[in-house]
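For reference, upload_28.cif (mmCIF, C-alpha atoms):
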```cif
data_entry
#
loop_
_atom_site.group_PDB
_atom_site.id
_atom_site.type_symbol
_atom_site.label_atom_id
_atom_site.label_comp_id
_atom_site.auth_asym_id
_atom_site.auth_seq_id
_atom_site.Cartn_x
_atom_site.Cartn_y
_atom_site.Cartn_z
ATOM 1 C CA MET D 20 1.019 -27.137 -0.464
ATOM 2 C CA PRO D 21 1.776 -23.492 -1.251
ATOM 3 C CA TYR D 22 -0.776 -21.469 -3.170
ATOM 4 C CA ASP D 23 -0.178 -20.217 -6.672
ATOM 5 C CA PRO D 24 2.354 -17.377 -6.331
ATOM 6 C CA ARG D 25 0.100 -15.161 -8.440
ATOM 7 C CA LEU D 26 -2.662 -15.550 -5.841
ATOM 8 C CA VAL D 27 -0.512 -14.458 -2.926
ATOM 9 C CA ALA D 28 1.418 -11.743 -4.748
ATOM 10 C CA PRO D 29 -1.010 -8.985 -3.661
ATOM 11 C CA MET D 30 -0.656 -10.120 -0.036
ATOM 12 C CA ARG D 31 3.119 -9.898 -0.335
ATOM 13 C CA ASP D 32 2.945 -6.546 -2.087
ATOM 14 C CA GLU D 33 0.748 -5.138 0.668
ATOM 15 C CA MET D 34 3.492 -5.901 3.179
ATOM 16 C CA VAL D 35 6.260 -4.462 1.035
ATOM 17 C CA ARG D 36 4.302 -1.274 0.447
ATOM 18 C CA MET D 37 4.132 -0.637 4.171
ATOM 19 C CA GLY D 38 7.886 -1.028 4.425
ATOM 20 C CA ALA D 39 8.258 -4.633 5.517
ATOM 21 C CA ARG D 40 11.172 -6.673 4.277
ATOM 22 C CA GLU D 41 10.220 -10.126 3.089
ATOM 23 C CA LEU D 42 12.312 -12.982 4.467
ATOM 24 C CA LYS D 43 12.036 -15.933 2.111
ATOM 25 C CA THR D 44 14.961 -18.104 3.148
ATOM 26 C CA VAL D 45 16.423 -19.467 6.360
ATOM 27 C CA ALA D 46 19.574 -17.448 5.722
ATOM 28 C CA GLU D 47 17.590 -14.232 5.442
ATOM 29 C CA VAL D 48 15.756 -15.003 8.671
ATOM 30 C CA ASP D 49 18.985 -15.722 10.518
ATOM 31 C CA GLU D 50 20.562 -12.580 9.137
ATOM 32 C CA VAL D 51 17.821 -10.425 10.657
ATOM 33 C CA LEU D 52 16.813 -12.333 13.770
ATOM 34 C CA GLY D 53 20.105 -13.990 14.624
ATOM 35 C CA ASP D 54 21.866 -11.069 16.243
ATOM 36 C CA GLN D 55 19.364 -8.382 17.010
ATOM 37 C CA ARG D 56 19.826 -4.933 18.418
ATOM 38 C CA GLY D 57 16.947 -2.567 18.879
ATOM 39 C CA THR D 58 13.378 -3.397 17.928
ATOM 40 C CA THR D 59 12.157 -5.724 15.215
ATOM 41 C CA LEU D 60 8.615 -6.666 14.323
ATOM 42 C CA VAL D 61 7.973 -9.986 12.606
ATOM 43 C CA PHE D 62 4.663 -10.354 10.807
ATOM 44 C CA VAL D 63 3.669 -13.938 9.981
ATOM 45 C CA ASN D 64 1.573 -13.457 6.892
ATOM 46 C CA SER D 65 -1.268 -15.774 5.915
ATOM 47 C CA VAL D 66 -3.640 -16.381 3.036
ATOM 48 C CA CYS D 67 -6.591 -16.345 5.463
ATOM 49 C CA GLY D 68 -8.712 -13.662 3.896
ATOM 50 C CA CYS D 69 -10.449 -12.659 7.082
ATOM 51 C CA ALA D 70 -7.792 -12.738 9.803
ATOM 52 C CA ALA D 71 -4.853 -11.686 7.640
ATOM 53 C CA GLY D 72 -7.146 -9.395 5.689
ATOM 54 C CA ASN D 73 -7.561 -7.497 8.963
ATOM 55 C CA ALA D 74 -4.043 -7.893 10.247
ATOM 56 C CA ARG D 75 -2.221 -6.361 7.282
ATOM 57 C CA PRO D 76 -4.238 -3.115 7.275
ATOM 58 C CA ALA D 77 -3.914 -3.035 11.059
ATOM 59 C CA LEU D 78 -0.149 -3.158 10.804
ATOM 60 C CA ALA D 79 -0.163 -0.487 8.104
ATOM 61 C CA VAL D 80 -2.100 1.809 10.438
ATOM 62 C CA ALA D 81 0.132 1.012 13.386
ATOM 63 C CA LEU D 82 3.286 1.758 11.411
ATOM 64 C CA ARG D 83 2.123 5.328 10.949
ATOM 65 C CA HIS D 84 2.332 5.769 14.722
ATOM 66 C CA ALA D 85 5.068 8.010 16.115
ATOM 67 C CA ALA D 86 6.776 5.177 17.961
ATOM 68 C CA ARG D 87 7.431 2.183 15.781
ATOM 69 C CA PRO D 88 9.889 -0.700 15.465
ATOM 70 C CA GLN D 89 13.228 -0.044 13.833
ATOM 71 C CA GLN D 90 12.817 -3.028 11.517
ATOM 72 C CA VAL D 91 9.708 -4.668 10.103
ATOM 73 C CA VAL D 92 10.053 -8.047 8.447
ATOM 74 C CA THR D 93 7.605 -10.672 7.251
ATOM 75 C CA VAL D 94 7.502 -14.368 6.539
ATOM 76 C CA PHE D 95 4.637 -16.037 4.711
ATOM 77 C CA ALA D 96 3.147 -19.110 6.418
ATOM 78 C CA GLY D 97 2.310 -21.900 4.010
ATOM 79 C CA GLN D 98 4.277 -20.195 1.261
ATOM 80 C CA ASP D 99 7.842 -19.696 2.436
ATOM 81 C CA VAL D 100 7.670 -22.762 4.615
ATOM 82 C CA GLU D 101 11.296 -23.093 5.683
ATOM 83 C CA ALA D 102 11.717 -19.402 6.389
ATOM 84 C CA THR D 103 8.541 -19.377 8.468
ATOM 85 C CA ALA D 104 9.603 -22.430 10.442
ATOM 86 C CA ARG D 105 12.963 -20.801 11.113
ATOM 87 C CA ALA D 106 11.395 -17.535 12.213
ATOM 88 C CA ARG D 107 9.124 -19.407 14.594
ATOM 89 C CA GLN D 108 12.179 -20.930 16.243
ATOM 90 C CA TYR D 109 13.034 -17.432 17.444
ATOM 91 C CA PHE D 110 9.704 -17.240 19.293
ATOM 92 C CA SER D 111 9.241 -20.932 19.957
ATOM 93 C CA GLU D 112 7.571 -20.535 23.343
ATOM 94 C CA TYR D 113 4.599 -19.129 21.428
ATOM 95 C CA GLN D 114 2.411 -21.634 19.637
ATOM 96 C CA PRO D 115 2.343 -21.235 15.858
ATOM 97 C CA SER D 116 -0.609 -19.418 14.370
ATOM 98 C CA SER D 117 -1.060 -17.246 11.343
ATOM 99 C CA PRO D 118 -1.400 -14.438 10.990
ATOM 100 C CA SER D 119 0.524 -13.498 14.083
ATOM 101 C CA ILE D 120 2.915 -10.742 15.078
ATOM 102 C CA ALA D 121 6.006 -10.822 17.259
ATOM 103 C CA LEU D 122 7.771 -7.729 18.539
ATOM 104 C CA PHE D 123 11.387 -8.162 19.606
ATOM 105 C CA ARG D 124 13.601 -5.814 21.562
ATOM 106 C CA ASP D 125 17.284 -6.688 21.664
ATOM 107 C CA GLY D 126 16.456 -10.238 20.639
ATOM 108 C CA GLU D 127 13.728 -10.903 23.195
ATOM 109 C CA VAL D 128 10.024 -11.192 22.428
ATOM 110 C CA VAL D 129 8.355 -8.371 24.324
ATOM 111 C CA HIS D 130 4.914 -8.509 22.734
ATOM 112 C CA PHE D 131 3.001 -11.092 20.745
ATOM 113 C CA VAL D 132 -0.304 -10.907 18.903
ATOM 114 C CA HIS D 133 -1.905 -14.271 18.241
ATOM 115 C CA ARG D 134 -4.393 -15.053 15.521
ATOM 116 C CA HIS D 135 -7.150 -15.276 18.129
ATOM 117 C CA GLN D 136 -6.509 -11.621 18.997
ATOM 118 C CA ILE D 137 -7.067 -10.650 15.357
ATOM 119 C CA GLU D 138 -10.124 -12.754 14.452
ATOM 120 C CA GLY D 139 -13.287 -10.702 14.306
ATOM 121 C CA GLN D 140 -11.522 -7.519 15.371
ATOM 122 C CA SER D 141 -11.424 -4.382 13.290
ATOM 123 C CA PRO D 142 -8.048 -3.272 11.906
ATOM 124 C CA GLN D 143 -8.264 -0.264 14.239
ATOM 125 C CA THR D 144 -8.563 -2.511 17.289
ATOM 126 C CA VAL D 145 -5.592 -4.614 16.256
ATOM 127 C CA ALA D 146 -3.639 -1.460 15.417
ATOM 128 C CA ALA D 147 -4.357 -0.125 18.905
ATOM 129 C CA ASN D 148 -2.967 -3.316 20.382
ATOM 130 C CA LEU D 149 0.219 -2.799 18.363
ATOM 131 C CA THR D 150 0.666 0.906 18.991
ATOM 132 C CA GLY D 151 0.275 0.282 22.704
ATOM 133 C CA ALA D 152 3.227 -2.063 22.473
ATOM 134 C CA PHE D 153 5.176 0.368 20.276
ATOM 135 C CA ASP D 154 4.711 3.112 22.862
ATOM 136 C CA ARG D 155 5.949 0.803 25.564
ATOM 137 C CA PHE D 156 8.850 -0.855 23.795
ATOM 138 C CA CYS D 157 9.842 1.278 20.800
ATOM 139 C CA GLY D 158 10.064 4.693 22.416
ATOM 140 C CA ALA D 159 12.890 7.181 22.347
ATOM 141 C CA THR D 160 14.765 5.437 25.154
ATOM 142 C CA VAL D 161 15.333 2.306 23.059
ATOM 143 C CA MET C 18 -18.092 -10.858 18.769
ATOM 144 C CA THR C 19 -16.571 -7.480 18.351
ATOM 145 C CA GLY C 20 -16.661 -5.644 15.073
ATOM 146 C CA HIS C 21 -16.918 -7.443 11.775
ATOM 147 C CA VAL C 22 -18.708 -10.529 10.516
ATOM 148 C CA PHE C 23 -15.709 -12.771 10.238
ATOM 149 C CA HIS C 24 -16.690 -15.188 7.464
ATOM 150 C CA PRO C 25 -19.833 -14.064 5.660
ATOM 151 C CA GLY C 26 -22.113 -16.970 4.726
ATOM 152 C CA HIS C 27 -20.928 -19.186 7.553
ATOM 153 C CA HIS C 28 -21.784 -19.642 11.214
ATOM 154 C CA ALA C 29 -20.964 -16.476 13.143
ATOM 155 C CA LEU C 30 -18.097 -18.268 14.896
ATOM 156 C CA HIS C 31 -16.657 -19.968 11.805
ATOM 157 C CA GLY C 32 -12.893 -19.491 11.765
ATOM 158 C CA VAL C 33 -12.855 -17.984 15.233
ATOM 159 C CA THR C 34 -10.830 -19.468 18.072
ATOM 160 C CA VAL C 35 -13.331 -20.262 20.801
ATOM 161 C CA LEU C 36 -13.349 -21.414 24.376
ATOM 162 C CA LEU C 37 -15.939 -24.128 24.890
ATOM 163 C CA GLU C 38 -16.772 -25.405 28.357
ATOM 164 C CA THR C 39 -18.751 -28.597 28.779
ATOM 165 C CA THR C 40 -21.241 -29.517 31.453
ATOM 166 C CA GLY C 41 -18.742 -32.136 32.581
ATOM 167 C CA GLY C 42 -15.994 -29.617 33.227
ATOM 168 C CA LEU C 43 -13.909 -30.112 30.098
ATOM 169 C CA ILE C 44 -12.431 -27.065 28.394
ATOM 170 C CA TYR C 45 -11.812 -27.036 24.653
ATOM 171 C CA ILE C 46 -9.990 -24.206 22.906
ATOM 172 C CA GLY C 47 -9.876 -24.392 19.142
ATOM 173 C CA ARG C 48 -10.990 -22.876 15.884
ATOM 174 C CA PHE C 49 -14.747 -23.181 15.403
ATOM 175 C CA ASP C 50 -15.607 -24.804 12.091
ATOM 176 C CA SER C 51 -19.304 -25.644 12.057
ATOM 177 C CA GLU C 52 -22.263 -26.939 13.993
ATOM 178 C CA ASP C 53 -24.602 -29.769 12.990
ATOM 179 C CA GLU C 54 -26.677 -32.500 14.582
ATOM 180 C CA ALA C 55 -23.512 -34.108 15.921
ATOM 181 C CA GLY C 56 -22.514 -30.960 17.762
ATOM 182 C CA ALA C 57 -19.874 -28.264 17.481
ATOM 183 C CA HIS C 58 -16.904 -29.062 15.256
ATOM 184 C CA LEU C 59 -13.610 -27.519 16.351
ATOM 185 C CA LEU C 60 -10.237 -27.648 14.580
ATOM 186 C CA ASP C 61 -6.701 -27.495 16.010
ATOM 187 C CA VAL C 62 -7.879 -28.043 19.534
ATOM 188 C CA ALA C 63 -6.350 -27.928 23.002
ATOM 189 C CA MET C 64 -8.344 -29.763 25.659
ATOM 190 C CA HIS C 65 -8.201 -29.533 29.419
ATOM 191 C CA ASP C 66 -9.800 -31.951 31.868
ATOM 192 C CA SER C 67 -9.959 -30.349 35.266
ATOM 193 C CA HIS C 68 -10.504 -33.772 36.836
ATOM 194 C CA GLY C 69 -7.407 -35.294 35.265
ATOM 195 C CA SER C 70 -4.888 -32.494 35.431
ATOM 196 C CA ASP C 71 -2.839 -30.812 38.126
ATOM 197 C CA LEU C 72 -3.139 -27.604 36.131
ATOM 198 C CA PRO C 73 -6.162 -25.552 37.212
ATOM 199 C CA LYS C 74 -8.394 -24.561 34.323
ATOM 200 C CA GLU C 75 -7.742 -20.879 35.015
ATOM 201 C CA ASP C 76 -4.016 -21.466 34.501
ATOM 202 C CA PHE C 77 -4.693 -23.468 31.341
ATOM 203 C CA ILE C 78 -6.719 -20.581 29.944
ATOM 204 C CA ARG C 79 -4.190 -17.969 31.079
ATOM 205 C CA ARG C 80 -1.345 -19.918 29.468
ATOM 206 C CA THR C 81 -3.290 -20.273 26.227
ATOM 207 C CA LEU C 82 -4.093 -16.576 26.112
ATOM 208 C CA LYS C 83 -0.413 -15.710 26.494
ATOM 209 C CA PHE C 84 1.303 -18.415 24.483
ATOM 210 C CA GLY C 85 -1.383 -19.597 22.067
ATOM 211 C CA VAL C 86 -3.245 -22.845 21.487
ATOM 212 C CA ARG C 87 -1.117 -25.912 22.150
ATOM 213 C CA VAL C 88 -2.869 -28.250 19.725
ATOM 214 C CA ASP C 89 -3.409 -31.815 20.920
ATOM 215 C CA GLN C 90 -6.302 -32.775 18.624
ATOM 216 C CA LYS C 91 -6.702 -31.831 14.967
ATOM 217 C CA ARG C 92 -10.481 -32.064 15.276
ATOM 218 C CA ALA C 93 -13.024 -32.428 18.064
ATOM 219 C CA VAL C 94 -16.802 -32.760 17.948
ATOM 220 C CA ILE C 95 -18.588 -31.757 21.131
ATOM 221 C CA PRO C 96 -22.247 -32.821 21.386
ATOM 222 C CA ARG C 97 -24.651 -29.930 21.769
ATOM 223 C CA THR C 98 -26.106 -31.371 24.962
ATOM 224 C CA GLU C 99 -22.688 -31.214 26.607
ATOM 225 C CA ILE C 100 -21.966 -27.581 25.773
ATOM 226 C CA ALA C 101 -22.321 -25.349 28.815
ATOM 227 C CA ARG C 102 -20.956 -22.231 27.174
ATOM 228 C CA ILE C 103 -19.012 -21.192 24.109
ATOM 229 C CA GLY C 104 -17.557 -17.886 22.970
ATOM 230 C CA PRO C 105 -14.563 -16.262 21.327
ATOM 231 C CA LEU C 106 -11.312 -16.745 23.204
ATOM 232 C CA SER C 107 -10.558 -13.090 22.554
ATOM 233 C CA GLU C 108 -13.422 -12.151 24.860
ATOM 234 C CA VAL C 109 -11.966 -14.122 27.761
ATOM 235 C CA SER C 110 -9.837 -12.193 30.215
ATOM 236 C CA ALA C 111 -6.929 -13.854 32.006
#
```
Spit out the file's structure as structure tokens when you get a sec.
Amino acid sequence: MPYDPRLVAPMRDEMVRMGARELKTVAEVDEVLGDQRGTTLVFVNSVCGCAAGNARPALAVALRHAARPQQVVTVFAGQDVEATARARQYFSEYQPSSPSIALFRDGEVVHFVHRHQIEGQSPQTVAANLTGAFDRFCGATV
Amino acid sequence: MTGHVFHPGHHALHGVTVLLETTGGLIYIGRFDSEDEAGAHLLDVAMHDSHGSDLPKEDFIRRTLKFGVRVDQKRAVIPRTEIARIGPLSEVSA
């Protein structure tokens, strides 16, 4: 059952402030992930105060890096249930967890950060994981 | 554990995805919930029996690290006496 929208509003706002586009419907997910060119990062948001509470600041730090994805979008697990399920179909070889982060290049998943890679880590450590992938996959040659 | 206390007021591993190996050779990977007299309680668990699988445990762990936990049990309780080692999955290298 989804949480009270008022409870999760700050978690949504945090994503929007860093420039992520929220995808709340299946149609919105398909619009972005259905025919991709370039690089897209999908952040699966979560109400988990500890894991997601680290992951969102980590992404905010990473997005200040010189190399970064061309698009950043987010779905909210447990809140926007259908949109999240649809997004996960685009990276279905990866088991669902939240929070988690998928980086696509030209429609293919090139990097994935699972919840277990976020738990107990500092935002800086998770950000370093992401910026390493940005350097590799989101550079000037893309 | 690296860095922060994950869930203050709980067991140090609460909420953390762990790899637990038993003295009998079973591997459990799941989210640690708690520990009591019954043993360690894990949630959303993948289990590997090296005696009953063609997949070597190293490959099971490597696959889980790359693709995530393929849950086959919502909950598992592993008696303390059977626990050979337990630690965060994030500290396991492929």
Q) Would you list which chain D residues are within 7 Å of chain C using all atoms listed in the file, as a list in words? A)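 Per the criterion, chain D yields Cys69, Glu112, Tyr113, Gln114, His133, His135, Gln136, Glu138, Gly139, Gln140 and Ser141 of chain D.
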Q: Return the single residue from D:Val132, D:Ser65, D:Leu60, D:Gly53 that is closest to D:Pro29, with distances computed using all atoms listed in the file.
A: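 Closest to D:Pro29 of all the choices is D:Ser65.
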(Q) So that I can check the surroundings of D:Ala152, please list as a list of chain:residue names every protein, DNA and RNA residue that reaches within 9 Å of it, counting only C-alpha atoms and ignoring chain neighbours fewer than 2 positions away. (A)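 Returned residues: D:Arg87, D:Leu122, D:Val129, D:His130, D:Ala147, D:Asn148, D:Leu149, D:Thr150, D:Asp154, D:Arg155, D:Phe156, D:Cys157.
For the pair atom CA of D:Val100 and atom CA of D:Ser117, the separation is 12.3 Å.
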Q: Considering only C-alpha atoms, state which residue in the set D:Ala74, D:Gly97, D:Gln55, D:Thr44 is at the smallest distance from D:Arg134.
A: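 Smallest distance to D:Arg134 is found for D:Ala74.
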What does the PyMOL selection byres ((chain D and resi 20) around 12) select in this file, as a compact mmCIF listing (two decimals) with C-alpha atoms, keeping the file's coordinate frame?
```
# COMPACT_ATOMS: atom_id res chain seq x y z
CA PRO D 21 1.78 -23.49 -1.25
CA TYR D 22 -0.78 -21.47 -3.17
CA ASP D 23 -0.18 -20.22 -6.67
CA PRO D 24 2.35 -17.38 -6.33
CA ALA D 96 3.15 -19.11 6.42
CA GLY D 97 2.31 -21.90 4.01
CA GLN D 98 4.28 -20.20 1.26
CA ASP D 99 7.84 -19.70 2.44
CA VAL D 100 7.67 -22.76 4.62
```
Q: Using atom CA of D:Val94 and atom CA of C:Phe49 as the two end points, give the distance in Å to one decimal.
A: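 Computing the Euclidean distance for atom CA of D:Val94 and atom CA of C:Phe49 yields 25.5 Å.
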Q | Separation of atom CA of D:Arg25 from atom CA of D:Asn64, in Å and rounded to one decimal | A | 15.5 Å
**Q.** Residues in the PyMOL selection byres ((chain C and resi 97) around 9), expressed as a list of chain:residue names
**A.**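 With the PyMOL selection byres ((chain C and resi 97) around 9) on this model, the match is C:Glu52, C:Asp53, C:Glu54, C:Ala55, C:Gly56, C:Ala57, C:Ile95, C:Pro96, C:Thr98, C:Glu99, C:Ile100, C:Ala101.
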Can those selected residues be exported to a file as a CSV table (one decimal), keeping the file's coordinate frame so that it contains C-alpha atoms?
```
chain,number,residue,atom,x,y,z
C,52,GLU,CA,-22.3,-26.9,14.0
C,53,ASP,CA,-24.6,-29.8,13.0
C,54,GLU,CA,-26.7,-32.5,14.6
C,55,ALA,CA,-23.5,-34.1,15.9
C,56,GLY,CA,-22.5,-31.0,17.8
C,57,ALA,CA,-19.9,-28.3,17.5
C,95,ILE,CA,-18.6,-31.8,21.1
C,96,PRO,CA,-22.2,-32.8,21.4
C,98,THR,CA,-26.1,-31.4,25.0
C,99,GLU,CA,-22.7,-31.2,26.6
C,100,ILE,CA,-22.0,-27.6,25.8
C,101,ALA,CA,-22.3,-25.3,28.8
```
Q. Which is closer to D:Asn73 than all the others in D:Thr144, D:Thr93, D:Thr59, D:Ser111, using all atoms listed in the file?
A.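 Checking each of D:Thr144, D:Thr93, D:Thr59, D:Ser111 against D:Asn73, counting all atoms listed in the file, the winner is D:Thr144.
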Q: Compare D:Gly151, D:Pro118, D:Gly158, D:Pro88 by their minimum atom-to-atom distance to D:Ala70, counting all atoms listed in the file, and give me the closest one.
A: D:Pro118
Q) Counting all atoms listed in the file, which of D:Glu50, D:Ser116, D:Val63, D:Ala28 gets nearest to C:Asp61? A)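 Once distances to C:Asp61 are computed over all atoms listed in the file, the minimum belongs to D:Ser116.
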Q: Tell me, as an MDAnalysis selection string, which residues lie within 8 Å of D:Leu78, counting all atoms listed in the file; anything in the same chain fewer than 2 positions away does not count.
A: chainID D and resid 74:76 80:82 142 145:146 149
Edge lengths and centre in Å to one decimal, as lines of an AutoDock Vina configuration file, is what I'm after for the box along x, y and z that holds all listed atoms of stretch 68-87 of chain C once 8 Å is added on each side.
```
center_x = -4.6
center_y = -25.5
center_z = 29.8
size_x = 27.8
size_y = 35.6
size_z = 32.6
```
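Applied to the shown file, the PyMOL selection byres ((chain D and resi 91) around 9) selects the residues Gly38, Ala39, Arg40, Glu41, Thr58, Thr59, Leu60, Val61, Phe62, Pro88, Gln89, Gln90, Val92 and Thr93 of chain D.
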Q | Selected residue of minimal separation from C:Ser67 among C:Thr39, C:Val94, C:His28, C:Arg79, counting all atoms listed in the file | A |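 Checking each of C:Thr39, C:Val94, C:His28, C:Arg79 against C:Ser67, counting all atoms listed in the file, the winner is C:Thr39.
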Q: List the neighbours of C:Glu38 out to 9 Å using only C-alpha atoms; skip same-chain residues closer than 4 positions along the sequence, and give me the result as a VMD selection string.
A: chain C and resid 42 to 46 99 to 103
